[in-house]
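A short worksheet on the structure shown next.
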Amino acid sequence: MLKDKTAPTAGFAEPDMIQLVTATGARVSHPDFDRWLEDIDADRLGALYEDMVVIRRIDTEATHLQRQGELALWPPLLGQEAAQIGSGRALRRDDFVFSSYRENGVAYCRGVDLTDLLRVWRGNVSSGWDPFEINMATPQIIIGAQTLHATGYALGIQNDGADCAAITYFGDGAVSQGDVNEALVFAASFQVPVVFFCQNNHWAISEPVGLQSHVPIADRAPGFGIPSLRVDGNDVLAVLAATRIALNRARTGGGPTFIEAVTYRMGPHTTADDPTRYRDANELEDWAAKDPITRLEALLTHAGLFTPELQAAVAATADAVAKEMRAGCIGLPEPEPMDVFDNVYSTPNSWLERQRDHYSRYLDTLADAEGSN
Amino acid sequence: MSTMTFSRAINAGLRKAMDDDPKVLLMGEDIGKLGGVFRITDGLQKDFGARRVVDTPLAESAILGTAVGLAYRGYRPVCEIQFDGFIYPAFDQIVAQVAKLHYRTQGKVKMPITIRVPFGGGIGSPEHHSESPEAYFTHTSGLRVISVSNPQDAYSMIRQAIACDDPVLYFEPKRRYHTKGEVNENQDLAQMPSMESAQVVVPGTDVTLVTYGPLVQTAREAAMAAADEGISIEVIDLRSLAPLDFAPLEASVRRTGRLVITHEAAQSGGLGAEIAASITERCFSYLEAAPVRVTGFDIPYPASKLEKHHLPDLDRILDGVDRALGRPNSLSGLEG
């Protein structure tokens with residue numbers, strides 16, 4: 001039936017995906033994945049938990065800042081914490097990330113300054129941090145464009161004979177873009193060290209994933225000659241292991257890998273969106289039962305690790321991060337009017353110099369008029 | 001000094017840039033073994049290897065998009081777009097990424113990417129092979145746009161474009177590829193005239209005739225023909241289309257009082273409009289007549305048997321010169 005093709009969750013039956021922690025927090029062993037997690041002891045599991053709680057707190061605080069008029073916009077990552085922390089913590093310092101605008105959790109893993117994280121969303125600048133300081137490009141707004149940048153960067157890594165990798169983050173909506181498909185072609189042709197990390201959060205603003213793809217997204221990659229993994233994106237251990245496997249393949253000359261992390265955007269597309277217009281409340285309820293943080297808490301509880309000390313320490317860190325971020329945001333200086341002309345080119349441009357000069361004169365006349373009143 | 005064809009001069013410039021800087025690499029369709037459909041990259045893959053002269057899959061957006069990633073990694077990619085009309089699939093990456101990344105990142109990410117575009121008509125090709133899309137790019141902040149008209153500039157300006165830390169679109173007039181000229185290959189970049197300077201190529205006193213790329217030669221021929229009738233045309237080769245170098249134009253128009261602009265590209269919203277408006281703003285009291293545009297029509301590029309009607313030629317340019325001079329012309333008697 002044609003109608004099914006665009007129904008929110010129809011299009012394909014939910015196929016198997018790799019899961020190492022069930023929704024109720026039980027650890028499931030896996031013959032291929034477990035060996036990639038041998039270093040994840042109690043401390044590291046606690047650290048992953050802290051990361052996920054902290055980025056949810058960052059997300060909540062930023063949403064509040066938007067509601068309070070301190071940010072112009074914010075794209076929440078609520079529900080995608082495991083996908084972002086699991087993959088972000090698999091990366092090495094010298095790997096390079098090309099993401100969309102929702103990967104604030106990945107940026108946190110890269111060590112972004114909290115104030116830098118918010119500059120762009122407050123409207124002070126068009127992007128907030130120095131990409132070379134944390135080896136992560138600033139948020140890409142054109143859907144899917146960054147997948148080509150990662151592929152080109154990986155071509156450069158290959159030319160340099162380096163053993164690092166590029167990783168690119170995009171969503172289920174992006175897989176319809178020509179750029180993503182072209183990136184897969186180029187990555188396969190040149191066998192470059194790049195990881196395609198698709199967070200299938202089921203929604204591209206109001207459009208369900210069934211509208212973008214009539215097969216599981218991970219199934220597309222082998223058609224390009226790229227192996228793929230489909231993992232439970234709300235299972236931080238499954239995501240961590242999958243990303244490590246893909247990065248290892250990239251570093252050792254094995255070429256690109258495609259990961260589909262199946263997760264769910266529990267919030268709106270951005271703070272300007274209203275999902276109640278297009279999304280069934282029951283669906284949200286179903287996914288709330290698969291919450292990635294609750295799941296990790298259950299795993300920690302089963303292992304006897306979810307101690308009051310851990311909870312208190314994590315809460316204190318989250319509070320401190322939120323406080324620091326809020327203060328940094330509110331303390332940002334306003335940009336200067338003439339900043340508008342800066343950095344269009346790397347050296348002066350005669351057209352722009354003239355416009356800059358004329359606007360400066362115009363501003364002077366306003367200042368003069370104010371002075372004479 | 002040596003004599004070489006226009007196409008050979010670009011090849012020599014690319015070779016020199018690759019010799020000078022190991023971070024320079026070429027990307028494009030058929031540029032390797034074949035040497036490009038116009039043979040501009042002839043022999044370069046053989047000498048520099050397939051990692052530096054990269055035959056890409058047929059996807060223009062990916063050529064530019066991967067060039068962006070390479071630039072992040074410290075490379076200086078030179079992308080060949082096979083024909084002018086094939087650049088549109090790459091438009092988003094050029095306009096939304098290449099042009100804006102330096103501004104977006106407050107100067108932290110440089111985009112030293114050169115985009116070579118064989119452009120213009122006059123070679124009897126089917127649709128999409130003869131276009132003049134330069135105005136799309138001159139309208140885009142963050143890009144520098146140049147067009148070369150002779151072998152010396154072809155050689156010097158490809159080297160300057162590659163050395164530039166900003167993205168440069170380099171428009172090469174494909175119908176002039178086989179013209180020959182003297183090329184000095186022994187100049188340092190610092191000795192060359194700026195690629196952003198316009199140049200007076202024929203001095204004159206009665207009319208200022210401004211053009212670029214393929215029509216520079218046509219304009220020279222028009223100036224010679226007009227001289228036979230006692231009319232002195234000053235021909236200016238713009239060389240840079242964004243930014244435009246207005247100083248020599250202003251100086252010329254202040255002397256002649258009359259301005260004709262000619263290009264193959266369509267008229268409305270084109271470079272002729274920008275030049276006419278800017279010169280009118282800057283030299284209004286010196287103008288003896290309204291600026292005149294002699295351009296391609298506002299039509300999709302026509303079939304090859306019709307292109308001679310679309311492309312400005314010597315006679316149409318001289319008709320425009322007559323309009324600027326108030327002499328009898330094809331529009332005599334019409335108002336506006």
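Here's how to read the names in the structure tokens: chain A, B, ... by the order shown, residue numbers from 1 in each chain, ligand numbers from 1 in the order shown.
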Starting from chain B, keep only residues with some atom at most 9 Å from an atom of chain A, counting only C-alpha atoms, and report them as a tab-separated table (two decimals) with C-alpha atoms, in the first residue's frame.
chain	number	residue	atom	x	y	z
B	51	ARG	CA	47.89	11.13	-5.80
B	52	ARG	CA	48.64	14.65	-7.00
B	56	THR	CA	37.83	11.71	-9.75
B	57	PRO	CA	34.49	9.95	-10.12
B	59	ALA	CA	30.50	14.14	-9.35
B	61	SER	CA	29.83	18.56	-5.91
B	62	ALA	CA	32.16	15.90	-4.56
B	63	ILE	CA	35.16	17.36	-6.39
B	64	LEU	CA	34.61	20.66	-4.60
B	65	GLY	CA	33.43	19.11	-1.34
B	66	THR	CA	36.46	16.88	-1.02
B	67	ALA	CA	38.67	19.84	-1.99
B	68	VAL	CA	37.26	21.60	1.08
B	69	GLY	CA	38.33	18.69	3.26
B	70	LEU	CA	41.76	18.65	1.66
B	71	ALA	CA	42.10	22.36	2.36
B	72	TYR	CA	41.30	21.67	6.04
B	73	ARG	CA	44.16	19.20	5.95
B	74	GLY	CA	46.57	21.82	4.55
B	75	TYR	CA	46.39	21.06	0.83
B	92	ASP	CA	26.26	24.55	-3.38
B	93	GLN	CA	29.72	23.51	-2.24
B	96	ALA	CA	27.77	27.68	0.70
B	97	GLN	CA	31.13	26.22	1.75
B	99	ALA	CA	33.15	30.95	-0.30
B	100	LYS	CA	32.00	31.19	3.31
B	101	LEU	CA	34.28	29.04	5.45
B	102	HIS	CA	36.88	31.75	6.08
B	103	TYR	CA	34.18	34.17	7.22
B	104	ARG	CA	32.25	31.50	9.12
B	105	THR	CA	35.32	30.53	11.13
B	106	GLN	CA	36.58	34.10	11.68
B	107	GLY	CA	39.56	33.41	9.48
B	108	LYS	CA	40.67	30.20	11.19
B	109	VAL	CA	40.03	27.96	8.18
B	110	LYS	CA	41.55	29.04	4.88
B	141	SER	CA	31.12	37.18	-1.37
B	142	GLY	CA	34.23	35.29	-0.38
B	143	LEU	CA	35.23	34.26	-3.89
B	144	ARG	CA	37.79	35.90	-6.12
B	164	CYS	CA	46.24	32.90	-3.10
B	165	ASP	CA	44.89	31.94	0.33
B	166	ASP	CA	41.34	32.70	-0.81
B	167	PRO	CA	39.31	30.60	-3.24
B	242	ALA	CA	35.69	40.12	-8.55
B	243	PRO	CA	36.83	42.44	-7.27
B	244	LEU	CA	36.78	44.73	-10.29
B	245	ASP	CA	39.74	47.09	-10.49
* Mind checking which residues fall within 7 Å of Thr211 in chain B, counting only C-alpha atoms, ignoring those fewer than 3 positions away in the same chain, and posting them as a list in words? =>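 The filter keeps Leu215, Val216, Ile236, Asp237, Leu238, Ile261, Thr262 and His263 of chain B.
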Identify all residues of range 99-303 of chain B in alpha helix (DSSP H) (DSSP on the backbone) and supply them as a CSV table (one decimal) with C-alpha atoms, in the first residue's frame.
chain,number,residue,atom,x,y,z
B,101,LEU,CA,34.3,29.0,5.5
B,102,HIS,CA,36.9,31.7,6.1
B,103,TYR,CA,34.2,34.2,7.2
B,104,ARG,CA,32.3,31.5,9.1
B,134,GLU,CA,30.9,34.1,-14.1
B,135,ALA,CA,28.3,36.5,-12.7
B,136,TYR,CA,26.9,33.8,-10.4
B,137,PHE,CA,30.2,33.8,-8.7
B,138,THR,CA,31.1,37.5,-8.9
B,151,PRO,CA,49.1,33.1,-22.7
B,152,GLN,CA,51.2,35.2,-20.4
B,153,ASP,CA,48.3,36.0,-18.1
B,154,ALA,CA,47.2,32.3,-18.4
B,155,TYR,CA,50.6,31.3,-17.0
B,156,SER,CA,51.1,34.0,-14.4
B,157,MET,CA,47.6,34.1,-13.1
B,158,ILE,CA,47.1,30.4,-12.6
B,159,ARG,CA,50.2,30.5,-10.4
B,160,GLN,CA,48.9,33.6,-8.6
B,161,ALA,CA,45.5,31.9,-8.1
B,162,ILE,CA,47.0,28.8,-6.6
B,163,ALA,CA,49.2,30.9,-4.3
B,215,LEU,CA,36.5,39.0,-26.2
B,216,VAL,CA,39.7,40.8,-25.5
B,217,GLN,CA,41.1,39.6,-28.8
B,218,THR,CA,37.8,40.6,-30.5
B,219,ALA,CA,38.0,44.0,-28.9
B,220,ARG,CA,41.6,44.5,-30.1
B,221,GLU,CA,40.4,43.7,-33.6
B,222,ALA,CA,37.6,46.2,-33.2
B,223,ALA,CA,40.0,48.9,-32.1
B,224,MET,CA,42.1,48.3,-35.2
B,225,ALA,CA,39.1,48.4,-37.5
B,226,ALA,CA,37.9,51.6,-35.8
B,227,ALA,CA,41.3,53.2,-36.1
B,228,ASP,CA,40.9,52.9,-39.9
B,246,PHE,CA,38.0,50.4,-11.1
B,247,ALA,CA,40.9,52.7,-11.0
B,248,PRO,CA,42.1,52.3,-14.7
B,249,LEU,CA,38.4,52.3,-15.8
B,250,GLU,CA,37.8,55.6,-14.0
B,251,ALA,CA,41.0,57.1,-15.4
B,252,SER,CA,40.1,56.1,-18.9
B,253,VAL,CA,36.4,57.2,-18.8
B,254,ARG,CA,37.5,60.6,-17.3
B,255,ARG,CA,39.5,61.0,-20.5
B,256,THR,CA,37.1,59.5,-23.1
B,271,LEU,CA,29.1,42.3,-15.1
B,272,GLY,CA,28.2,44.9,-17.7
B,273,ALA,CA,25.4,46.1,-15.4
B,274,GLU,CA,27.8,46.3,-12.4
B,275,ILE,CA,30.4,48.2,-14.4
B,276,ALA,CA,28.0,50.6,-15.9
B,277,ALA,CA,26.4,51.4,-12.5
B,278,SER,CA,29.7,51.7,-10.7
B,279,ILE,CA,31.3,53.9,-13.4
B,280,THR,CA,28.2,56.1,-13.5
B,281,GLU,CA,28.4,56.5,-9.7
B,282,ARG,CA,32.1,57.3,-9.8
B,283,CYS,CA,32.4,59.3,-13.1
* To do: Within 10 Å of Glu297 in chain A, counting only C-alpha atoms, which residues show up once you throw out same-chain ones fewer than 2 positions away? Write them as a PyMOL selection string, please.
  => chain A and resi 24-25+46+49+292-295+299-303+305-306+311
* To do: Apply DSSP to the backbone of this structure and, from range 34-202 of chain B, keep only the residues in strand (DSSP E or B); write these as a VMD selection string.
  => chain B and resid 53 to 55 76 to 80 114 to 119 144 to 147 168 to 173 180 to 183 199 to 202
* Quick one: distance from CA of Phe119 in chain B to CA of Gln191 in chain B in Å, one decimal? -> 28.0 Å
Within 9 Å of range 324-328 of chain A using only C-alpha atoms, minus same-chain residues under 4 positions, as a CSV table (one decimal) with N, CA and C atoms, in the first residue's frame:
chain,number,residue,atom,x,y,z
A,58,ILE,N,23.9,19.9,29.8
A,58,ILE,CA,24.2,21.0,28.8
A,58,ILE,C,23.1,21.3,27.9
A,61,GLU,N,20.2,22.9,29.9
A,61,GLU,CA,20.6,24.3,30.3
A,61,GLU,C,20.5,25.2,29.1
A,62,ALA,N,21.0,24.7,27.9
A,62,ALA,CA,20.9,25.6,26.7
A,62,ALA,C,19.5,25.8,26.3
A,65,LEU,N,18.3,28.5,28.4
A,65,LEU,CA,18.8,29.8,28.0
A,65,LEU,C,18.1,30.3,26.8
A,113,ASP,N,35.4,24.4,24.6
A,113,ASP,CA,35.2,25.4,25.6
A,113,ASP,C,33.7,25.6,25.7
A,114,LEU,N,33.1,25.6,26.8
A,114,LEU,CA,31.6,25.7,27.0
A,114,LEU,C,31.1,27.0,26.4
A,115,THR,N,31.8,28.1,26.6
A,115,THR,CA,31.3,29.3,26.0
A,115,THR,C,31.4,29.3,24.5
A,116,ASP,N,32.4,28.7,24.0
A,116,ASP,CA,32.5,28.6,22.5
A,116,ASP,C,31.4,27.8,21.9
A,117,LEU,N,30.9,26.8,22.7
A,117,LEU,CA,29.8,25.9,22.3
A,117,LEU,C,28.5,26.8,22.0
A,118,LEU,N,28.4,27.9,22.7
A,118,LEU,CA,27.1,28.6,22.6
A,118,LEU,C,27.2,29.9,21.7
A,319,ASP,N,26.2,20.1,37.5
A,319,ASP,CA,25.9,21.4,38.0
A,319,ASP,C,27.0,22.4,37.7
A,320,ALA,N,28.2,22.0,37.9
A,320,ALA,CA,29.3,23.0,37.7
A,320,ALA,C,29.4,23.3,36.2
A,332,LEU,N,29.2,36.9,27.4
A,332,LEU,CA,29.8,37.2,26.0
A,332,LEU,C,29.7,38.6,25.6
* Asked: Quick one: of A:Tyr362, A:Trp36, A:Trp203, A:Phe258, who's nearest to Ala90 in chain A, counting only C-alpha atoms?
  ->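 Closest to Ala90 in chain A of all the choices is A:Trp36.
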